[in-house]
file protein-v6.cif (mmCIF, C-alpha atoms, pLDDT in the B column; chains and numbers go by the auth columns)
data_final
loop_
_atom_site.group_PDB
_atom_site.id
_atom_site.type_symbol
_atom_site.label_atom_id
_atom_site.label_comp_id
_atom_site.label_asym_id
_atom_site.label_seq_id
_atom_site.Cartn_x
_atom_site.Cartn_y
_atom_site.Cartn_z
_atom_site.B_iso_or_equiv
_atom_site.auth_seq_id
_atom_site.auth_asym_id
ATOM 1 C CA MET A 1 97.885 115.739 79.675 54.00 259 A
ATOM 2 C CA ARG A 2 98.095 114.778 75.985 63.00 260 A
ATOM 3 C CA ARG A 3 96.007 111.752 75.069 79.00 261 A
ATOM 4 C CA MET A 4 98.222 108.656 75.004 88.00 262 A
ATOM 5 C CA THR A 5 98.154 106.171 72.184 91.00 263 A
ATOM 6 C CA LYS A 6 97.702 102.520 73.068 93.00 264 A
ATOM 7 C CA GLU A 7 101.390 101.910 72.438 94.00 265 A
ATOM 8 C CA GLU A 8 102.355 104.769 74.750 94.00 266 A
ATOM 9 C CA LYS A 9 100.056 103.446 77.460 94.00 267 A
ATOM 10 C CA LEU A 10 101.580 99.975 77.210 95.00 268 A
ATOM 11 C CA LYS A 11 105.108 101.341 77.418 95.00 269 A
ATOM 12 C CA TRP A 12 104.229 103.552 80.383 94.00 270 A
ATOM 13 C CA VAL A 13 102.432 100.945 82.503 95.00 271 A
ATOM 14 C CA ASN A 14 105.195 98.397 81.944 95.00 272 A
ATOM 15 C CA THR A 15 107.937 100.774 83.056 91.00 273 A
ATOM 16 C CA GLY A 16 108.917 99.787 86.615 83.00 274 A
ATOM 17 C CA PRO A 17 108.300 99.643 89.448 87.00 275 A
ATOM 18 C CA ALA A 18 105.369 97.221 89.262 88.00 276 A
ATOM 19 C CA TRP A 19 101.991 98.543 90.350 95.00 277 A
ATOM 20 C CA MET A 20 100.109 98.277 93.632 94.00 278 A
ATOM 21 C CA TYR A 21 96.721 98.560 91.892 96.00 279 A
ATOM 22 C CA GLU A 22 95.245 97.423 88.620 96.00 280 A
ATOM 23 C CA PHE A 23 93.713 100.246 86.593 97.00 281 A
ATOM 24 C CA ASP A 24 91.809 99.715 83.359 96.00 282 A
ATOM 25 C CA LEU A 25 93.090 102.474 81.077 95.00 283 A
ATOM 26 C CA GLY A 26 91.047 101.476 78.046 92.00 284 A
ATOM 27 C CA GLU A 27 92.014 99.869 74.741 93.00 285 A
ATOM 28 C CA GLY A 28 92.793 96.661 76.617 94.00 286 A
ATOM 29 C CA VAL A 29 95.575 98.271 78.666 96.00 287 A
ATOM 30 C CA LYS A 30 95.729 97.492 82.373 96.00 288 A
ATOM 31 C CA THR A 31 98.427 98.270 84.897 96.00 289 A
ATOM 32 C CA PRO A 32 100.358 95.101 85.927 95.00 290 A
ATOM 33 C CA LEU A 33 100.181 94.124 89.594 95.00 291 A
ATOM 34 C CA LEU A 34 103.341 93.598 91.627 91.00 292 A
ATOM 35 C CA ILE A 35 101.965 90.258 92.828 93.00 293 A
ATOM 36 C CA GLU A 36 98.710 88.555 91.870 95.00 294 A
ATOM 37 C CA GLU A 37 97.478 88.245 95.465 96.00 295 A
ATOM 38 C CA LEU A 38 97.091 92.024 95.606 95.00 296 A
ATOM 39 C CA ARG A 39 93.976 91.600 93.465 96.00 297 A
ATOM 40 C CA SER A 40 92.093 89.676 96.153 97.00 298 A
ATOM 41 C CA VAL A 41 93.449 91.952 98.897 97.00 299 A
ATOM 42 C CA HIS A 42 91.974 94.990 97.150 97.00 300 A
ATOM 43 C CA GLN A 43 88.738 93.174 96.350 97.00 301 A
ATOM 44 C CA THR A 44 88.375 92.275 100.023 98.00 302 A
ATOM 45 C CA ARG A 45 89.039 95.862 101.068 98.00 303 A
ATOM 46 C CA GLU A 46 86.361 97.111 98.679 97.00 304 A
ATOM 47 C CA GLN A 47 83.838 94.496 99.776 97.00 305 A
ATOM 48 C CA MET A 48 84.340 95.420 103.424 98.00 306 A
ATOM 49 C CA ILE A 49 84.752 99.196 103.230 97.00 307 A
ATOM 50 C CA LEU A 50 82.242 100.405 100.624 96.00 308 A
ATOM 51 C CA PRO A 51 79.133 99.104 102.468 96.00 309 A
ATOM 52 C CA ILE A 52 80.369 100.852 105.619 95.00 310 A
ATOM 53 C CA ILE A 53 80.662 104.149 103.754 95.00 311 A
ATOM 54 C CA ASP A 54 77.086 103.707 102.521 95.00 312 A
ATOM 55 C CA LYS A 55 75.970 102.968 106.078 95.00 313 A
ATOM 56 C CA PHE A 56 77.597 105.995 107.689 95.00 314 A
ATOM 57 C CA PHE A 57 76.849 108.336 104.800 96.00 315 A
ATOM 58 C CA PRO A 58 73.421 107.156 103.578 95.00 316 A
ATOM 59 C CA LYS A 59 72.924 110.317 101.514 94.00 317 A
ATOM 60 C CA GLY A 60 76.203 109.699 99.739 94.00 318 A
ATOM 61 C CA LEU A 61 79.508 111.521 99.829 97.00 319 A
ATOM 62 C CA SER A 62 78.492 114.456 97.647 96.00 320 A
ATOM 63 C CA GLY A 63 79.869 117.577 99.295 95.00 321 A
ATOM 64 C CA LYS A 64 81.866 115.549 101.819 98.00 322 A
ATOM 65 C CA CYS A 65 85.634 115.939 102.211 98.00 323 A
ATOM 66 C CA CYS A 66 87.743 112.781 102.327 98.00 324 A
ATOM 67 C CA LEU A 67 91.427 112.049 102.848 98.00 325 A
ATOM 68 C CA ASP A 68 93.199 108.946 101.573 98.00 326 A
ATOM 69 C CA VAL A 69 96.498 108.702 103.481 98.00 327 A
ATOM 70 C CA ALA A 70 99.295 106.742 101.764 96.00 328 A
ATOM 71 C CA CYS A 71 97.057 106.463 98.725 97.00 329 A
ATOM 72 C CA ASN A 72 99.818 104.924 96.603 96.00 330 A
ATOM 73 C CA GLU A 73 98.521 105.221 93.000 97.00 331 A
ATOM 74 C CA GLY A 74 95.147 106.508 94.141 97.00 332 A
ATOM 75 C CA TYR A 75 92.757 103.599 93.640 97.00 333 A
ATOM 76 C CA PHE A 76 90.668 104.165 96.757 98.00 334 A
ATOM 77 C CA SER A 77 90.784 107.917 96.199 98.00 335 A
ATOM 78 C CA HIS A 78 89.134 107.209 92.857 97.00 336 A
ATOM 79 C CA LEU A 79 86.441 105.114 94.539 97.00 337 A
ATOM 80 C CA LEU A 80 85.613 107.938 96.954 98.00 338 A
ATOM 81 C CA TYR A 81 85.570 110.380 94.043 98.00 339 A
ATOM 82 C CA LYS A 82 83.122 108.174 92.148 96.00 340 A
ATOM 83 C CA HIS A 83 80.918 108.233 95.264 95.00 341 A
ATOM 84 C CA GLY A 84 80.722 112.013 94.898 96.00 342 A
ATOM 85 C CA ALA A 85 83.316 113.132 97.458 98.00 343 A
ATOM 86 C CA ASN A 86 85.913 115.855 97.329 98.00 344 A
ATOM 87 C CA VAL A 87 89.086 113.819 97.804 98.00 345 A
ATOM 88 C CA ARG A 88 92.675 114.522 98.725 98.00 346 A
ATOM 89 C CA GLY A 89 95.086 111.628 98.249 98.00 347 A
ATOM 90 C CA THR A 90 98.578 111.831 99.721 98.00 348 A
ATOM 91 C CA ASP A 91 101.652 109.636 99.571 96.00 349 A
ATOM 92 C CA ILE A 92 105.269 110.076 100.609 94.00 350 A
ATOM 93 C CA ARG A 93 106.653 108.616 97.378 92.00 351 A
ATOM 94 C CA GLU A 94 106.691 110.974 94.418 94.00 352 A
ATOM 95 C CA VAL A 95 106.457 108.148 91.873 93.00 353 A
ATOM 96 C CA ASN A 96 103.126 107.082 93.363 95.00 354 A
ATOM 97 C CA ILE A 97 101.647 110.570 93.124 97.00 355 A
ATOM 98 C CA GLN A 98 102.934 111.005 89.577 96.00 356 A
ATOM 99 C CA ARG A 99 101.170 107.803 88.633 96.00 357 A
ATOM 100 C CA ALA A 100 98.002 108.779 90.495 97.00 358 A
ATOM 101 C CA ARG A 101 97.827 112.084 88.631 97.00 359 A
ATOM 102 C CA ALA A 102 98.505 110.424 85.285 95.00 360 A
ATOM 103 C CA VAL A 103 95.793 107.798 85.808 96.00 361 A
ATOM 104 C CA GLN A 104 93.401 110.537 86.931 96.00 362 A
ATOM 105 C CA ALA A 105 94.067 112.477 83.730 94.00 363 A
ATOM 106 C CA LEU A 106 93.644 109.400 81.544 94.00 364 A
ATOM 107 C CA LEU A 107 90.312 108.595 83.208 94.00 365 A
ATOM 108 C CA GLY A 108 89.141 112.199 82.991 94.00 366 A
ATOM 109 C CA TYR A 109 88.478 112.740 86.711 96.00 367 A
ATOM 110 C CA ASP A 110 87.843 116.350 87.738 96.00 368 A
ATOM 111 C CA PRO A 111 91.008 117.852 89.329 96.00 369 A
ATOM 112 C CA ALA A 112 88.800 120.271 91.260 96.00 370 A
ATOM 113 C CA ARG A 113 87.358 117.339 93.267 98.00 371 A
ATOM 114 C CA LEU A 114 90.311 114.947 93.236 98.00 372 A
ATOM 115 C CA VAL A 115 93.742 116.192 94.294 98.00 373 A
ATOM 116 C CA PHE A 116 96.920 114.162 94.724 98.00 374 A
ATOM 117 C CA GLU A 117 99.885 115.522 96.678 98.00 375 A
ATOM 118 C CA VAL A 118 103.276 114.270 97.848 98.00 376 A
ATOM 119 C CA GLU A 119 103.191 114.480 101.639 97.00 377 A
ATOM 120 C CA ASP A 120 104.777 112.877 104.657 95.00 378 A
ATOM 121 C CA PHE A 121 101.686 112.422 106.833 96.00 379 A
ATOM 122 C CA PHE A 122 103.578 113.581 109.911 95.00 380 A
ATOM 123 C CA ASN A 123 103.921 116.970 108.188 96.00 381 A
ATOM 124 C CA ASN A 124 100.165 117.282 107.660 97.00 382 A
ATOM 125 C CA ARG A 125 98.916 120.771 108.558 96.00 383 A
ATOM 126 C CA ASP A 126 95.170 120.374 108.000 97.00 384 A
ATOM 127 C CA GLN A 127 92.836 122.040 110.464 97.00 385 A
ATOM 128 C CA ALA A 128 90.860 120.023 113.008 97.00 386 A
ATOM 129 C CA ASP A 129 87.797 118.211 111.655 97.00 387 A
ATOM 130 C CA THR A 130 88.761 118.888 108.036 98.00 388 A
ATOM 131 C CA TYR A 131 87.668 115.495 106.695 98.00 389 A
ATOM 132 C CA ASP A 132 84.331 113.760 107.103 98.00 390 A
ATOM 133 C CA LEU A 133 86.023 110.446 106.243 98.00 391 A
ATOM 134 C CA THR A 134 89.661 109.399 106.376 98.00 392 A
ATOM 135 C CA LEU A 135 91.219 106.225 104.995 98.00 393 A
ATOM 136 C CA PHE A 136 94.400 104.886 106.606 98.00 394 A
ATOM 137 C CA LEU A 137 94.935 101.707 104.637 98.00 395 A
ATOM 138 C CA GLY A 138 98.102 99.648 104.898 95.00 396 A
ATOM 139 C CA LEU A 139 100.160 102.284 106.707 95.00 397 A
ATOM 140 C CA LEU A 140 99.831 101.802 110.471 96.00 398 A
ATOM 141 C CA TYR A 141 102.343 98.939 110.588 94.00 399 A
ATOM 142 C CA HIS A 142 104.857 100.714 108.340 91.00 400 A
ATOM 143 C CA ILE A 143 105.614 103.666 110.633 90.00 401 A
ATOM 144 C CA GLU A 144 107.835 104.096 113.670 87.00 402 A
ATOM 145 C CA ASN A 145 105.469 106.354 115.571 91.00 403 A
ATOM 146 C CA PRO A 146 101.946 104.951 115.173 94.00 404 A
ATOM 147 C CA MET A 147 100.597 106.780 118.229 96.00 405 A
ATOM 148 C CA SER A 148 101.498 110.229 116.896 96.00 406 A
ATOM 149 C CA ALA A 149 100.044 109.299 113.501 96.00 407 A
ATOM 150 C CA LEU A 150 96.731 108.239 115.031 98.00 408 A
ATOM 151 C CA ARG A 151 96.518 111.363 117.182 98.00 409 A
ATOM 152 C CA LEU A 152 96.993 113.450 114.057 98.00 410 A
ATOM 153 C CA LEU A 153 94.446 111.331 112.231 98.00 411 A
ATOM 154 C CA HIS A 154 91.958 111.850 115.064 98.00 412 A
ATOM 155 C CA LYS A 155 92.507 115.606 114.950 98.00 413 A
ATOM 156 C CA ILE A 156 91.724 116.022 111.255 98.00 414 A
ATOM 157 C CA THR A 157 88.866 113.460 111.099 98.00 415 A
ATOM 158 C CA ARG A 158 85.363 114.792 111.632 97.00 416 A
ATOM 159 C CA THR A 159 83.330 111.575 111.731 96.00 417 A
ATOM 160 C CA LEU A 160 84.839 108.266 110.630 97.00 418 A
ATOM 161 C CA CYS A 161 88.283 106.800 110.063 98.00 419 A
ATOM 162 C CA VAL A 162 88.861 103.433 108.383 98.00 420 A
ATOM 163 C CA ILE A 163 92.126 101.726 109.312 98.00 421 A
ATOM 164 C CA GLU A 164 93.492 98.638 107.579 98.00 422 A
ATOM 165 C CA THR A 165 96.619 97.000 108.928 98.00 423 A
ATOM 166 C CA GLN A 166 98.791 93.938 109.100 97.00 424 A
ATOM 167 C CA LEU A 167 98.392 92.157 112.452 98.00 425 A
ATOM 168 C CA THR A 168 100.509 89.814 114.512 98.00 426 A
ATOM 169 C CA ARG A 169 99.051 86.540 115.741 97.00 427 A
ATOM 170 C CA GLN A 170 99.779 87.415 119.365 97.00 428 A
ATOM 171 C CA THR A 171 96.648 86.729 121.428 96.00 429 A
ATOM 172 C CA ALA A 172 98.035 85.706 124.816 96.00 430 A
ATOM 173 C CA PRO A 173 99.090 88.569 127.107 96.00 431 A
ATOM 174 C CA ILE A 174 102.757 89.529 127.257 95.00 432 A
ATOM 175 C CA ILE A 175 104.166 89.183 130.774 96.00 433 A
ATOM 176 C CA SER A 176 106.438 92.014 131.850 95.00 434 A
ATOM 177 C CA GLY A 177 108.199 93.054 135.002 95.00 435 A
ATOM 178 C CA TRP A 178 107.257 96.461 136.322 93.00 436 A
ATOM 179 C CA GLY A 179 109.510 98.463 138.573 92.00 437 A
ATOM 180 C CA GLN A 180 110.306 96.057 141.379 93.00 438 A
ATOM 181 C CA THR A 181 111.122 92.414 141.922 95.00 439 A
ATOM 182 C CA GLY A 182 108.057 90.200 141.947 92.00 440 A
ATOM 183 C CA VAL A 183 105.768 92.759 140.282 95.00 441 A
ATOM 184 C CA THR A 184 104.560 91.757 136.815 96.00 442 A
ATOM 185 C CA LEU A 185 102.026 92.991 134.318 96.00 443 A
ATOM 186 C CA GLU A 186 99.835 91.027 131.912 96.00 444 A
ATOM 187 C CA LEU A 187 99.657 93.118 128.752 97.00 445 A
ATOM 188 C CA PRO A 188 97.111 92.060 126.097 97.00 446 A
ATOM 189 C CA ALA A 189 98.261 94.729 123.628 97.00 447 A
ATOM 190 C CA SER A 190 101.600 94.182 121.920 97.00 448 A
ATOM 191 C CA MET A 191 103.557 95.236 118.853 96.00 449 A
ATOM 192 C CA ALA A 192 106.231 93.366 116.912 95.00 450 A
ATOM 193 C CA LEU A 193 109.294 95.164 115.584 92.00 451 A
ATOM 194 C CA TYR A 194 110.414 94.466 112.002 89.00 452 A
ATOM 195 C CA GLN A 195 113.260 95.981 110.026 86.00 453 A
ATOM 196 C CA GLU A 196 112.194 95.787 106.385 80.00 454 A
ATOM 197 C CA PRO A 197 115.183 94.830 104.200 75.00 455 A
ATOM 198 C CA ASP A 198 114.009 96.297 100.869 70.00 456 A
ATOM 199 C CA MET A 199 112.791 99.820 101.586 63.00 457 A
ATOM 200 C CA ASP A 200 114.794 101.325 98.731 67.00 458 A
ATOM 201 C CA GLU A 201 113.580 98.901 96.072 66.00 459 A
ATOM 202 C CA ASN A 202 110.086 97.916 97.241 63.00 460 A
ATOM 203 C CA ASN A 203 107.486 100.573 96.520 62.00 461 A
ATOM 204 C CA LEU A 204 105.161 99.012 99.100 66.00 462 A
ATOM 205 C CA ALA A 205 107.661 98.883 101.962 63.00 463 A
ATOM 206 C CA ALA A 206 108.072 101.312 104.826 66.00 464 A
ATOM 207 C CA PHE A 207 109.796 104.600 104.028 69.00 465 A
ATOM 208 C CA ASN A 208 113.087 104.834 105.956 71.00 466 A
ATOM 209 C CA SER A 209 111.629 103.485 109.174 78.00 467 A
ATOM 210 C CA LEU A 210 111.188 100.438 111.312 84.00 468 A
ATOM 211 C CA SER A 211 107.829 98.705 111.160 88.00 469 A
ATOM 212 C CA PHE A 212 105.744 98.193 114.311 93.00 470 A
ATOM 213 C CA ILE A 213 103.154 95.489 113.660 95.00 471 A
ATOM 214 C CA PRO A 214 100.262 95.508 116.195 97.00 472 A
ATOM 215 C CA ASN A 215 98.014 92.758 117.422 98.00 473 A
ATOM 216 C CA VAL A 216 94.254 93.362 117.553 98.00 474 A
ATOM 217 C CA ALA A 217 94.320 94.511 121.178 98.00 475 A
ATOM 218 C CA ALA A 218 97.031 97.045 120.356 98.00 476 A
ATOM 219 C CA VAL A 219 95.038 98.512 117.463 98.00 477 A
ATOM 220 C CA ARG A 220 92.078 99.040 119.755 98.00 478 A
ATOM 221 C CA GLN A 221 94.200 100.555 122.535 97.00 479 A
ATOM 222 C CA LEU A 222 96.009 102.885 120.136 98.00 480 A
ATOM 223 C CA LEU A 223 92.762 104.162 118.639 98.00 481 A
ATOM 224 C CA VAL A 224 91.106 104.708 122.007 97.00 482 A
ATOM 225 C CA SER A 225 94.205 106.512 123.290 97.00 483 A
ATOM 226 C CA ALA A 226 94.119 108.711 120.190 97.00 484 A
ATOM 227 C CA GLY A 227 90.601 109.828 121.146 96.00 485 A
ATOM 228 C CA PHE A 228 88.299 107.712 119.004 97.00 486 A
ATOM 229 C CA THR A 229 85.254 106.601 120.983 91.00 487 A
ATOM 230 C CA GLU A 230 83.924 103.506 119.242 95.00 488 A
ATOM 231 C CA ILE A 231 86.214 100.932 117.655 97.00 489 A
ATOM 232 C CA THR A 232 84.849 98.093 115.520 97.00 490 A
ATOM 233 C CA GLN A 233 86.789 95.399 113.731 98.00 491 A
ATOM 234 C CA LEU A 234 84.960 94.373 110.574 98.00 492 A
ATOM 235 C CA SER A 235 84.302 90.691 109.922 97.00 493 A
ATOM 236 C CA PRO A 236 85.615 89.547 106.540 98.00 494 A
ATOM 237 C CA PRO A 237 83.176 87.935 104.093 96.00 495 A
ATOM 238 C CA PRO A 238 83.520 84.178 103.440 96.00 496 A
ATOM 239 C CA ALA A 239 85.256 84.756 100.097 96.00 497 A
ATOM 240 C CA ALA A 240 87.750 87.267 101.527 98.00 498 A
ATOM 241 C CA ASN A 241 91.483 87.072 100.988 98.00 499 A
ATOM 242 C CA LEU A 242 92.930 84.444 103.323 98.00 500 A
ATOM 243 C CA GLN A 243 95.023 86.999 105.228 98.00 501 A
ATOM 244 C CA TYR A 244 91.818 88.565 106.543 98.00 502 A
ATOM 245 C CA LEU A 245 90.151 85.245 107.245 98.00 503 A
ATOM 246 C CA CYS A 246 93.073 83.984 109.333 97.00 504 A
ATOM 247 C CA GLY A 247 93.565 87.281 111.155 97.00 505 A
ATOM 248 C CA ASP A 248 96.861 88.376 109.635 98.00 506 A
ATOM 249 C CA ARG A 249 95.184 91.559 108.368 98.00 507 A
ATOM 250 C CA GLY A 250 92.244 93.503 109.720 98.00 508 A
ATOM 251 C CA ILE A 251 89.999 96.479 108.988 98.00 509 A
ATOM 252 C CA PHE A 252 88.850 98.695 111.836 98.00 510 A
ATOM 253 C CA LEU A 253 86.333 101.523 112.066 98.00 511 A
ATOM 254 C CA ALA A 254 87.104 104.379 114.432 98.00 512 A
ATOM 255 C CA LEU A 255 84.400 106.903 115.259 97.00 513 A
ATOM 256 C CA LYS A 256 85.150 110.354 116.534 92.00 514 A
ATOM 257 C CA PRO A 257 82.880 111.789 119.221 82.00 515 A
ATOM 258 C CA GLU A 258 80.549 114.511 118.018 75.00 516 A
ATOM 259 C CA ASN A 259 81.582 118.017 118.930 59.00 517 A
ATOM 260 C CA PRO A 260 79.346 119.483 121.638 47.00 518 A
ATOM 261 C CA THR A 261 76.863 122.019 120.341 41.00 519 A
#

call {"tool": "encode", "arguments": {"input": "protein-v6.cif", "output": "structure tokens"}}
result
Amino acid sequence: MRRMTKEEKLKWVNTGPAWMYEFDLGEGVKTPLLIEELRSVHQTREQMILPIIDKFFPKGLSGKCCLDVACNEGYFSHLLYKHGANVRGTDIREVNIQRARAVQALLGYDPARLVFEVEDFFNNRDQADTYDLTLFLGLLYHIENPMSALRLLHKITRTLCVIETQLTRQTAPIISGWGQTGVTLELPASMALYQEPDMDENNLAAFNSLSFIPNVAAVRQLLVSAGFTEITQLSPPPAANLQYLCGDRGIFLALKPENPT
């Protein structure tokens, strides 16, 4: 990619749609965020996720393979890259991948270790245990078939998956009839159905699908049913974005059982 002048950078970053992530492209040029609150959302994600990566991979990510699903413009793919990993970032929207590749080129990141591809995750054809670490940030609640997605995620993850999702505030069990009069179930896990009205215009919305927003119990049940053995919800730090502090968003770790030797 030809080196951009400052004027070309400014024109490019200010050509819509607005950005999910803020990138510093040098010469005082930064990509403009869609909404200001995204800054604290991403800061909270970093503060919660990066120490976990250091904990599970104490020798670093050098030589490790990582997948960033629905990477958008590639910010967290870049973070994994800077930690030494070989990274594949995927997103269903072509404009996001075009931007991710352009930012990568401007920052001079090695295309042999950092690859961005347009992909519908449900069409993923990676072999089992391909990735030591997978990131599934901000996607679970935007898809119609979360169970199939998590089964696929479990298949291709070798060790650890990090899931970040919107959550409902449903804590009391849902009461449901079950097959015959007088028989009811108390169901702690539940999901709310939402039809997003701006999928065509909003680059952060679902992609031609309904959204199924889980509560905490549902996230745990989905991950266990997918095959992950140990599920942990991370506690947000005191200065976290308010959505995490009040439980409207959450970050979960899902461990995959070790393959028998």

call {"tool": "axis_aligned_box", "arguments": {"input": "protein-v6.cif", "around": "stretch 280-296 of chain A", "padding_each_side": "6 Å", "output": "JSON"}}
result
{"center_x": 97.2, "center_y": 95.4, "center_z": 85.2, "size_x": 24.3, "size_y": 26.2, "size_z": 32.9}

call {"tool": "resolve_selection", "arguments": {"input": "protein-v6.cif", "expression": "the PyMOL selection byres ((chain A and resi 283) around 9)", "output": "list of chain:residue names"}}
result
A:Lys267, A:Phe281, A:Asp282, A:Gly284, A:Glu285, A:Gly286, A:Val287, A:Lys288, A:Thr289, A:Val361, A:Leu364, A:Leu365

call {"tool": "atom_distance", "arguments": {"input": "protein-v6.cif", "atom1": "atom CA of A:Leu468", "atom2": "atom CA of A:Tyr399"}}
result
9.0 Å

call {"tool": "resolve_selection", "arguments": {"input": "protein-v6.cif", "expression": "the PyMOL selection byres ((chain A and resi 409-414) around 7)", "output": "CSV table (one decimal) with C-alpha atoms, in the coordinates of the input"}}
result
chain,number,residue,atom,x,y,z
A,384,ASP,CA,95.2,120.4,108.0
A,385,GLN,CA,92.8,122.0,110.5
A,386,ALA,CA,90.9,120.0,113.0
A,387,ASP,CA,87.8,118.2,111.7
A,388,THR,CA,88.8,118.9,108.0
A,389,TYR,CA,87.7,115.5,106.7
A,405,MET,CA,100.6,106.8,118.2
A,406,SER,CA,101.5,110.2,116.9
A,407,ALA,CA,100.0,109.3,113.5
A,408,LEU,CA,96.7,108.2,115.0
A,415,THR,CA,88.9,113.5,111.1
A,416,ARG,CA,85.4,114.8,111.6
A,484,ALA,CA,94.1,108.7,120.2
A,485,GLY,CA,90.6,109.8,121.1
A,486,PHE,CA,88.3,107.7,119.0

call {"tool": "atom_distance", "arguments": {"input": "protein-v6.cif", "atom1": "atom CA of A:Leu391", "atom2": "atom CA of A:His300"}}
result
18.9 Å

call {"tool": "build_atoms", "arguments": {"input": "protein-v6.cif", "residues": "stretch 330-345 of chain A", "atoms": "N, CA and C atoms", "output": "short mmCIF file (atom, residue, chain, number, x, y, z; two decimals), keeping the file's coordinate frame"}}
result
data_model
loop_
_atom_site.label_atom_id
_atom_site.label_comp_id
_atom_site.auth_asym_id
_atom_site.auth_seq_id
_atom_site.Cartn_x
_atom_site.Cartn_y
_atom_site.Cartn_z
N ASN A 330 99.07 105.61 97.64
CA ASN A 330 99.82 104.92 96.60
C ASN A 330 99.42 105.51 95.24
N GLU A 331 98.87 104.71 94.32
CA GLU A 331 98.52 105.22 93.00
C GLU A 331 97.09 105.75 92.93
N GLY A 332 96.41 105.79 94.07
CA GLY A 332 95.15 106.51 94.14
C GLY A 332 93.88 105.72 93.92
N TYR A 333 93.94 104.40 93.98
CA TYR A 333 92.76 103.60 93.64
C TYR A 333 91.56 103.91 94.54
N PHE A 334 91.79 103.92 95.86
CA PHE A 334 90.67 104.16 96.76
C PHE A 334 90.25 105.63 96.75
N SER A 335 91.16 106.52 96.42
CA SER A 335 90.78 107.92 96.20
C SER A 335 89.80 108.01 95.04
N HIS A 336 90.05 107.23 93.99
CA HIS A 336 89.13 107.21 92.86
C HIS A 336 87.76 106.69 93.26
N LEU A 337 87.73 105.66 94.10
CA LEU A 337 86.44 105.11 94.54
C LEU A 337 85.64 106.16 95.31
N LEU A 338 86.30 106.88 96.20
CA LEU A 338 85.61 107.94 96.95
C LEU A 338 85.13 109.03 96.01
N TYR A 339 85.95 109.38 95.05
CA TYR A 339 85.57 110.38 94.04
C TYR A 339 84.31 109.95 93.30
N LYS A 340 84.28 108.68 92.89
CA LYS A 340 83.12 108.17 92.15
C LYS A 340 81.87 108.11 93.02
N HIS A 341 82.05 108.15 94.34
CA HIS A 341 80.92 108.23 95.26
C HIS A 341 80.50 109.68 95.51
N GLY A 342 81.15 110.62 94.83
CA GLY A 342 80.72 112.01 94.90
C GLY A 342 81.53 112.91 95.80
N ALA A 343 82.57 112.37 96.46
CA ALA A 343 83.32 113.13 97.46
C ALA A 343 84.32 114.08 96.82
N ASN A 344 84.72 115.07 97.61
CA ASN A 344 85.91 115.86 97.33
C ASN A 344 87.07 115.14 98.03
N VAL A 345 88.08 114.74 97.28
CA VAL A 345 89.09 113.82 97.80
C VAL A 345 90.49 114.40 97.68
#
